[in-house]
>>> print(open('final.cif').read())   # mmCIF, C-alpha atoms and all ligand atoms
data_input
loop_
_atom_site.label_atom_id
_atom_site.label_comp_id
_atom_site.auth_asym_id
_atom_site.auth_seq_id
_atom_site.Cartn_x
_atom_site.Cartn_y
_atom_site.Cartn_z
CA MET A 1 -2.55 -10.82 24.08
CA HIS A 2 -3.62 -9.19 20.82
CA ARG A 3 -7.26 -8.67 19.96
CA LYS A 4 -8.54 -10.72 17.01
CA LEU A 5 -10.20 -9.19 13.99
CA GLU A 6 -13.42 -11.05 13.20
CA GLY A 7 -16.97 -10.64 11.93
CA ARG A 8 -17.82 -7.58 9.85
CA ILE A 9 -15.05 -5.09 9.16
CA VAL A 10 -14.63 -2.03 6.97
CA ILE A 11 -11.72 -1.67 4.56
CA ALA A 12 -10.92 2.01 4.93
CA THR A 13 -9.70 2.88 1.45
CA HIS A 14 -11.13 4.70 -1.55
CA ASN A 15 -8.40 3.38 -3.87
CA PRO A 16 -9.86 0.52 -5.99
CA GLY A 17 -6.42 -1.04 -6.61
CA LYS A 18 -5.66 -1.21 -2.91
CA LEU A 19 -9.19 -2.38 -2.10
CA ALA A 20 -8.85 -5.37 -4.44
CA GLU A 21 -5.50 -6.32 -2.87
CA MET A 22 -6.75 -5.89 0.71
CA ARG A 23 -9.82 -8.04 -0.05
CA GLU A 24 -7.61 -10.77 -1.54
CA LEU A 25 -5.28 -10.69 1.47
CA LEU A 26 -8.23 -10.94 3.90
CA ALA A 27 -10.01 -13.72 1.94
CA PRO A 28 -8.60 -16.73 3.90
CA TYR A 29 -9.56 -15.25 7.27
CA GLY A 30 -13.34 -15.48 7.23
CA VAL A 31 -14.06 -11.81 7.92
CA GLU A 32 -16.89 -10.04 6.11
CA ALA A 33 -15.24 -7.03 4.50
CA VAL A 34 -17.19 -4.00 3.30
CA SER A 35 -15.45 -1.01 1.78
CA ALA A 36 -15.52 2.62 2.85
CA GLY A 37 -17.09 3.38 -0.55
CA GLU A 38 -19.88 0.84 -0.08
CA LEU A 39 -20.71 2.41 3.28
CA GLY A 40 -20.56 5.92 1.82
CA LEU A 41 -17.82 7.01 4.25
CA GLY A 42 -15.92 10.24 3.55
CA GLU A 43 -12.17 10.50 3.13
CA PRO A 44 -10.40 12.04 6.13
CA GLU A 45 -7.63 14.54 5.51
CA GLU A 46 -4.24 12.84 5.70
CA THR A 47 -2.51 15.35 7.95
CA GLY A 48 0.17 13.02 9.35
CA ASP A 49 3.81 13.27 8.39
CA THR A 50 4.47 9.52 8.38
CA PHE A 51 2.83 6.53 6.69
CA GLU A 52 2.02 5.18 10.15
CA ALA A 53 0.25 8.37 11.24
CA ASN A 54 -1.84 8.56 8.08
CA ALA A 55 -2.86 4.88 8.28
CA ARG A 56 -4.00 5.55 11.85
CA ILE A 57 -6.02 8.63 10.81
CA LYS A 58 -7.85 6.62 8.11
CA ALA A 59 -8.53 3.58 10.31
CA ILE A 60 -9.79 5.61 13.27
CA ALA A 61 -12.04 7.80 11.09
CA ALA A 62 -13.64 4.75 9.45
CA ALA A 63 -14.02 2.82 12.73
CA GLN A 64 -15.77 5.80 14.32
CA ALA A 65 -18.03 6.49 11.33
CA ALA A 66 -19.00 2.85 10.65
CA ARG A 67 -18.96 1.64 14.29
CA LEU A 68 -17.03 -1.37 12.97
CA PRO A 69 -13.38 -2.47 13.18
CA ALA A 70 -11.55 -0.75 10.32
CA PHE A 71 -8.52 -1.81 8.30
CA ALA A 72 -6.49 0.94 6.58
CA ASP A 73 -3.32 1.13 4.49
CA ASP A 74 -1.13 4.15 3.95
CA SER A 75 1.55 3.53 1.40
CA GLY A 76 3.80 5.08 -1.18
CA ILE A 77 7.04 4.94 -3.06
CA VAL A 78 10.24 6.33 -1.57
CA VAL A 79 12.92 7.22 -4.12
CA ASP A 80 16.47 7.47 -2.76
CA ALA A 81 17.78 9.92 -5.38
CA LEU A 82 14.79 12.21 -4.71
CA ASP A 83 15.52 12.37 -0.98
CA GLY A 84 12.57 10.09 -0.25
CA ALA A 85 9.98 11.81 -2.48
CA PRO A 86 7.18 11.29 -3.31
CA GLY A 87 6.85 9.17 -0.11
CA ILE A 88 3.68 10.02 1.79
CA TYR A 89 2.72 12.32 -1.10
CA SER A 90 2.66 9.48 -3.67
CA ALA A 91 -1.10 9.72 -4.25
CA ARG A 92 -1.00 13.53 -4.30
CA TRP A 93 1.61 13.55 -7.12
CA ALA A 94 -1.08 12.06 -9.36
CA GLY A 95 -3.29 15.12 -8.79
CA GLU A 96 -7.06 15.42 -8.70
CA THR A 97 -7.43 13.28 -11.82
CA LYS A 98 -5.31 10.47 -10.31
CA ASP A 99 -3.07 10.44 -13.35
CA PHE A 100 -0.29 8.01 -12.45
CA ASN A 101 1.27 8.21 -15.91
CA ALA A 102 1.90 11.87 -15.13
CA ALA A 103 3.14 11.03 -11.62
CA MET A 104 5.58 8.44 -13.00
CA ALA A 105 6.74 10.91 -15.66
CA ARG A 106 7.40 13.47 -12.92
CA VAL A 107 9.53 10.95 -11.01
CA GLU A 108 11.42 10.13 -14.21
CA ARG A 109 11.96 13.81 -15.08
CA LEU A 110 13.43 14.50 -11.63
CA LEU A 111 15.65 11.40 -11.84
CA ALA A 112 16.92 12.53 -15.26
CA GLU A 113 17.63 16.03 -13.89
CA ARG A 114 19.79 14.41 -11.22
CA GLY A 115 21.59 12.24 -13.75
CA ALA A 116 20.12 9.07 -12.22
CA THR A 117 20.37 6.90 -15.32
CA THR A 118 21.98 3.68 -13.99
CA PRO A 119 20.12 1.16 -11.80
CA ASP A 120 22.34 1.85 -8.76
CA LYS A 121 21.20 5.50 -8.81
CA ARG A 122 17.54 4.55 -9.24
CA ARG A 123 16.93 2.70 -5.96
CA ALA A 124 13.44 2.95 -4.46
CA HIS A 125 11.19 1.14 -2.07
CA PHE A 126 7.47 0.86 -1.52
CA VAL A 127 6.20 1.17 2.06
CA SER A 128 2.89 -0.06 3.44
CA ALA A 129 1.71 0.94 6.90
CA LEU A 130 -1.35 -1.01 7.95
CA CYS A 131 -3.59 -0.08 10.84
CA VAL A 132 -6.58 -1.82 12.40
CA ALA A 133 -8.73 0.37 14.65
CA TRP A 134 -11.67 -0.80 16.75
CA PRO A 135 -14.55 1.60 17.50
CA ASP A 136 -13.63 1.54 21.21
CA GLY A 137 -10.15 2.90 20.50
CA ASP A 138 -7.98 -0.25 20.37
CA LEU A 139 -5.31 -0.16 17.64
CA GLU A 140 -2.80 -2.43 15.94
CA GLN A 141 -0.17 -1.09 13.52
CA VAL A 142 2.50 -2.74 11.36
CA GLU A 143 4.74 -1.58 8.51
CA ALA A 144 6.86 -3.22 5.82
CA ARG A 145 8.76 -2.37 2.63
CA VAL A 146 9.93 -3.93 -0.61
CA ASP A 147 13.13 -2.73 -2.29
CA GLY A 148 13.83 -2.38 -5.99
CA THR A 149 14.88 -0.09 -8.83
CA LEU A 150 12.90 2.20 -11.10
CA VAL A 151 12.77 1.47 -14.83
CA TRP A 152 11.85 3.72 -17.74
CA PRO A 153 9.71 3.48 -19.80
CA PRO A 154 7.06 1.93 -17.53
CA ARG A 155 6.38 -1.77 -18.21
CA GLY A 156 3.07 -3.63 -17.91
CA THR A 157 -0.53 -2.72 -17.28
CA ALA A 158 -1.33 -4.82 -14.20
CA GLY A 159 -1.64 -3.42 -10.69
CA PHE A 160 -2.02 0.32 -10.11
CA GLY A 161 -0.17 3.50 -9.23
CA TYR A 162 3.61 3.31 -9.71
CA ASP A 163 3.66 -0.48 -10.36
CA PRO A 164 4.81 -0.27 -14.01
CA MET A 165 8.10 1.45 -13.12
CA PHE A 166 8.99 -0.64 -10.05
CA LEU A 167 11.28 -3.64 -10.53
CA PRO A 168 11.52 -5.54 -7.24
CA ASP A 169 14.99 -6.87 -6.36
CA GLY A 170 15.62 -10.42 -7.60
CA HIS A 171 12.92 -10.25 -10.28
CA ALA A 172 13.01 -9.57 -14.03
CA ARG A 173 9.48 -8.15 -14.30
CA THR A 174 7.98 -4.99 -12.84
CA PHE A 175 4.96 -5.09 -10.54
CA GLY A 176 3.01 -3.87 -13.60
CA GLU A 177 4.00 -7.05 -15.44
CA MET A 178 3.16 -9.42 -12.58
CA THR A 179 -0.10 -11.19 -11.85
CA SER A 180 -1.80 -10.33 -8.56
CA ILE A 181 -0.61 -13.70 -7.18
CA GLU A 182 3.00 -12.84 -8.05
CA LYS A 183 2.75 -9.33 -6.62
CA HIS A 184 1.02 -10.03 -3.34
CA GLY A 185 -0.08 -13.69 -3.23
CA MET A 186 0.89 -15.69 -0.15
CA PRO A 187 2.66 -19.07 -0.09
CA PRO A 188 2.14 -21.66 -1.46
CA LEU A 189 0.83 -19.74 -4.52
CA GLY A 190 2.92 -16.58 -4.17
CA LEU A 191 5.95 -15.28 -2.30
CA GLY A 192 4.28 -12.54 -0.26
CA LEU A 193 6.46 -10.15 -2.26
CA SER A 194 4.89 -6.69 -2.11
CA HIS A 195 5.17 -4.16 0.71
CA ARG A 196 1.45 -4.64 1.43
CA ALA A 197 1.74 -8.45 1.49
CA ARG A 198 4.75 -8.23 3.85
CA ALA A 199 2.96 -5.86 6.20
CA PHE A 200 -0.14 -8.05 6.05
CA VAL A 201 1.86 -11.12 7.15
CA LYS A 202 2.84 -9.20 10.30
CA LEU A 203 -0.74 -8.07 10.90
CA ALA A 204 -2.17 -11.56 10.33
CA GLU A 205 0.25 -12.98 12.89
CA ILE A 206 -1.09 -10.70 15.59
CA CYS A 207 -4.77 -10.28 14.86
CA LEU A 208 -6.18 -12.73 12.30
CA GLU A 209 -7.07 -16.41 12.45
CA ARG A 210 -7.44 -18.64 9.38
CA ARG A 211 -10.98 -20.00 8.93
P1 LIG B 301 -6.72 5.71 0.39
O1 LIG B 301 -6.05 6.80 1.20
O2 LIG B 301 -8.18 5.91 0.22
O3 LIG B 301 -6.37 4.35 0.89
P2 LIG B 301 -4.85 6.58 -1.61
O4 LIG B 301 -4.57 6.15 -3.02
O5 LIG B 301 -5.04 8.05 -1.38
O6 LIG B 301 -6.12 5.77 -1.11
P3 LIG B 301 -2.42 6.64 -0.06
O7 LIG B 301 -2.65 7.99 0.46
O8 LIG B 301 -1.88 5.59 0.86
O9 LIG B 301 -3.74 6.01 -0.67
O10 LIG B 301 -1.47 6.76 -1.32
C1 LIG B 301 -0.66 5.72 -1.72
C2 LIG B 301 -0.24 5.91 -3.15
O11 LIG B 301 1.02 5.24 -3.32
C3 LIG B 301 -1.21 5.20 -4.09
O12 LIG B 301 -2.16 6.09 -4.58
C4 LIG B 301 -0.28 4.67 -5.17
O13 LIG B 301 -0.08 5.63 -6.13
C5 LIG B 301 1.03 4.44 -4.46
N1 LIG B 301 1.09 3.03 -4.10
C6 LIG B 301 0.89 2.46 -2.89
N2 LIG B 301 0.94 1.13 -2.98
C7 LIG B 301 1.19 0.85 -4.26
C8 LIG B 301 1.33 -0.35 -4.98
O14 LIG B 301 1.19 -1.52 -4.41
N3 LIG B 301 1.57 -0.26 -6.27
C9 LIG B 301 1.68 0.93 -6.91
N4 LIG B 301 1.54 2.10 -6.32
C10 LIG B 301 1.29 2.06 -4.99
#
>>> encode(input="final.cif", output="structure tokens", more="lines below")
Ligand code: ITT
Amino acid sequence: MHRKLEGRIVIATHNPGKLAEMRELLAPYGVEAVSAGELGLGEPEETGDTFEANARIKAIAAAQAARLPAFADDSGIVVDALDGAPGIYSARWAGETKDFNAAMARVERLLAERGATTPDKRRAHFVSALCVAWPDGDLEQVEARVDGTLVWPPRGTAGFGYDPMFLPDGHARTFGEMTSIEKHGMPPLGLGLSHRARAFVKLAEICLERR
């Protein structure tokens, strides 16, 4: 029997793009979500070497500091031709200034150096590891991915991070060209397309109830 997430919870992210998506995903479930920023929580060091480990570090740190159940996401883009980079370092590639145009340009430069110019050589996937931690130590963790190819130049201004260069399989528009409903909306409005939406479906099955 899984423990249900209810009442007041903290969304353990300092990334505004992720925060907006996590709030939208939680909206049908009647929980009162406050963000780590609103509570003035610090950012723990992400010392894990997997998405799962880093999601756990963030959720546990927030649950302990806020004395509330905490919901964290660790995510990133894994590029086949770059041996999985930037992966768990996706945020760090944008540097202190969080410059994702520079991060995308770095990915593109490395792909060009490897001669990855055709779609088959430009395969990538986004991963989202979600973790819910309760202040007493209980944990739930899930993970999911969405596969696609990387385009250049980047297309669209919606979303955040690497969205403008990611073309999900079976679609003609990048995540940067999609509305939030198209990227991560749930049926009947959306397809639950993104890595975060897919992971959230798994999490909702085990620890959320529609209100
Ligand atoms: P928190 O740790 O505070 O949640 P962060 O941005 O540092 O924020 P991560 O360490 O999980 O989060 O880094 C994930 C990075 O991967 C994120 O900054 C984006 O650049 C990228 N990323 C993850 N999900 C994405 C998405 O849906 N669209 C575009 N880029 C995404």
>>> closest_residue(input="final.cif", among="A:Ser128, A:Thr97, A:Ser90, A:Thr157", to="Ser75 of chain A", atoms="all atoms listed in the file")
A:Ser128
>>> closest_residue(input="final.cif", among="A:Phe126, A:Phe100, A:Phe175, A:Tyr29", to="Gly161 of chain A", atoms="only C-alpha atoms")
A:Phe100
>>> residues_near_point(input="final.cif", point="(9.1, 0.1, -12.0)", cutoff="7 Å", atoms="only C-alpha atoms", output="list of chain:residue names")
A:Thr149, A:Leu150, A:Val151, A:Pro154, A:Tyr162, A:Asp163, A:Pro164, A:Met165, A:Phe166, A:Leu167, A:Thr174, A:Phe175
>>> residues_near_ligand(input="final.cif", ligand="ligand LIG 301 (chain B)", cutoff="8 Å", atoms="all atoms listed in the file", output="ChimeraX atom specification")
/A:12-15,17-19,43,46,51,54-55,58,72-77,87-92,94,98,100,126-128,159-164,175,194-196
>>> atom_distance(input="final.cif", atom1="atom CA of Thr47 of chain A", atom2="atom CA of Arg106 of chain A")
23.2 Å
>>> residues_around(input="final.cif", residues="Ala158 of chain A", least_positions_apart="4", cutoff="7 Å", atoms="all atoms listed in the file", output="number ranges by chain")
A: 176-179
>>> closest_residue(input="final.cif", among="A:Pro135, A:Gly30, A:Pro188, A:Gly7", to="Ala59 of chain A", atoms="only C-alpha atoms")
A:Pro135
>>> residues_around(input="final.cif", residues="Ala197 of chain A", least_positions_apart="3", cutoff="9 Å", atoms="only C-alpha atoms", output="ChimeraX atom specification")
/A:21-22,25,128,144,183-186,191-194,200-202
>>> residues_around(input="final.cif", residues="Ala112 of chain A", least_positions_apart="5", cutoff="12 Å", atoms="all atoms listed in the file", output="list in words")
Ala81, Leu82, Ala105, Arg106, Val107, Thr117, Thr118, Lys121, Arg122, Leu150, Val151 and Trp152 of chain A
>>> atom_distance(input="final.cif", atom1="atom CA of Glu45 of chain A", atom2="atom CA of Ile60 of chain A")
12.0 Å
>>> atom_distance(input="final.cif", atom1="atom CA of Ile9 of chain A", atom2="atom CA of Ala63 of chain A")
8.7 Å
>>> closest_residue(input="final.cif", among="A:Ala62, A:Ala70, A:Ala20, A:Ile11", to="Ala133 of chain A", atoms="only C-alpha atoms")
A:Ala70
>>> axis_aligned_box(input="final.cif", around="segment 69-75 of chain A", padding_each_side="4 Å", output="lines of an AutoDock Vina configuration file")
center_x = -5.9
center_y = 0.8
center_z = 7.3
size_x = 22.9
size_y = 14.6
size_z = 19.8
>>> closest_residue(input="final.cif", among="A:Leu110, A:Leu203, A:Ala65, A:Ala102", to="Glu143 of chain A", atoms="all atoms listed in the file")
A:Leu203
>>> closest_residue(input="final.cif", among="A:Glu24, A:Asp147, A:Glu108, A:Glu140", to="Cys207 of chain A", atoms="all atoms listed in the file")
A:Glu140
>>> build_atoms(input="final.cif", residues="segment 34-50 of chain A", atoms="N, CA and C atoms", output="PDB file, in the coordinates of the input")
ATOM      1  N   VAL A  34     -16.487  -4.987   4.127  1.00  0.00           N
ATOM      2  CA  VAL A  34     -17.190  -4.000   3.300  1.00  0.00           C
ATOM      3  C   VAL A  34     -16.246  -2.812   3.123  1.00  0.00           C
ATOM      4  N   SER A  35     -16.381  -2.114   2.012  1.00  0.00           N
ATOM      5  CA  SER A  35     -15.450  -1.010   1.780  1.00  0.00           C
ATOM      6  C   SER A  35     -16.015   0.310   2.262  1.00  0.00           C
ATOM      7  N   ALA A  36     -15.107   1.272   2.453  1.00  0.00           N
ATOM      8  CA  ALA A  36     -15.520   2.620   2.850  1.00  0.00           C
ATOM      9  C   ALA A  36     -16.479   3.196   1.812  1.00  0.00           C
ATOM     10  N   GLY A  37     -16.222   2.902   0.536  1.00  0.00           N
ATOM     11  CA  GLY A  37     -17.090   3.380  -0.550  1.00  0.00           C
ATOM     12  C   GLY A  37     -18.485   2.811  -0.434  1.00  0.00           C
ATOM     13  N   GLU A  38     -18.573   1.489  -0.191  1.00  0.00           N
ATOM     14  CA  GLU A  38     -19.880   0.840  -0.080  1.00  0.00           C
ATOM     15  C   GLU A  38     -20.693   1.421   1.084  1.00  0.00           C
ATOM     16  N   LEU A  39     -20.003   1.839   2.128  1.00  0.00           N
ATOM     17  CA  LEU A  39     -20.710   2.410   3.280  1.00  0.00           C
ATOM     18  C   LEU A  39     -20.912   3.916   3.136  1.00  0.00           C
ATOM     19  N   GLY A  40     -20.399   4.478   2.049  1.00  0.00           N
ATOM     20  CA  GLY A  40     -20.560   5.920   1.820  1.00  0.00           C
ATOM     21  C   GLY A  40     -19.765   6.777   2.804  1.00  0.00           C
ATOM     22  N   LEU A  41     -18.636   6.242   3.295  1.00  0.00           N
ATOM     23  CA  LEU A  41     -17.820   7.010   4.250  1.00  0.00           C
ATOM     24  C   LEU A  41     -16.984   8.053   3.513  1.00  0.00           C
ATOM     25  N   GLY A  42     -16.754   9.188   4.143  1.00  0.00           N
ATOM     26  CA  GLY A  42     -15.920  10.240   3.550  1.00  0.00           C
ATOM     27  C   GLY A  42     -14.448   9.884   3.678  1.00  0.00           C
ATOM     28  N   GLU A  43     -13.613  10.708   3.044  1.00  0.00           N
ATOM     29  CA  GLU A  43     -12.170  10.500   3.130  1.00  0.00           C
ATOM     30  C   GLU A  43     -11.589  11.520   4.101  1.00  0.00           C
ATOM     31  N   PRO A  44     -10.984  11.065   5.199  1.00  0.00           N
ATOM     32  CA  PRO A  44     -10.400  12.040   6.130  1.00  0.00           C
ATOM     33  C   PRO A  44      -9.174  12.702   5.504  1.00  0.00           C
ATOM     34  N   GLU A  45      -8.832  13.879   5.993  1.00  0.00           N
ATOM     35  CA  GLU A  45      -7.630  14.540   5.510  1.00  0.00           C
ATOM     36  C   GLU A  45      -6.409  13.845   6.089  1.00  0.00           C
ATOM     37  N   GLU A  46      -5.447  13.544   5.229  1.00  0.00           N
ATOM     38  CA  GLU A  46      -4.240  12.840   5.700  1.00  0.00           C
ATOM     39  C   GLU A  46      -3.220  13.869   6.158  1.00  0.00           C
ATOM     40  N   THR A  47      -3.332  14.251   7.425  1.00  0.00           N
ATOM     41  CA  THR A  47      -2.510  15.350   7.950  1.00  0.00           C
ATOM     42  C   THR A  47      -1.228  14.866   8.622  1.00  0.00           C
ATOM     43  N   GLY A  48      -1.026  13.539   8.692  1.00  0.00           N
ATOM     44  CA  GLY A  48       0.170  13.020   9.350  1.00  0.00           C
ATOM     45  C   GLY A  48       1.412  13.245   8.521  1.00  0.00           C
ATOM     46  N   ASP A  49       2.592  13.151   9.181  1.00  0.00           N
ATOM     47  CA  ASP A  49       3.810  13.270   8.390  1.00  0.00           C
ATOM     48  C   ASP A  49       4.582  11.957   8.286  1.00  0.00           C
ATOM     49  N   THR A  50       3.904  10.854   8.612  1.00  0.00           N
ATOM     50  CA  THR A  50       4.470   9.520   8.380  1.00  0.00           C
ATOM     51  C   THR A  50       3.374   8.630   7.799  1.00  0.00           C
TER      52      THR A  50
END
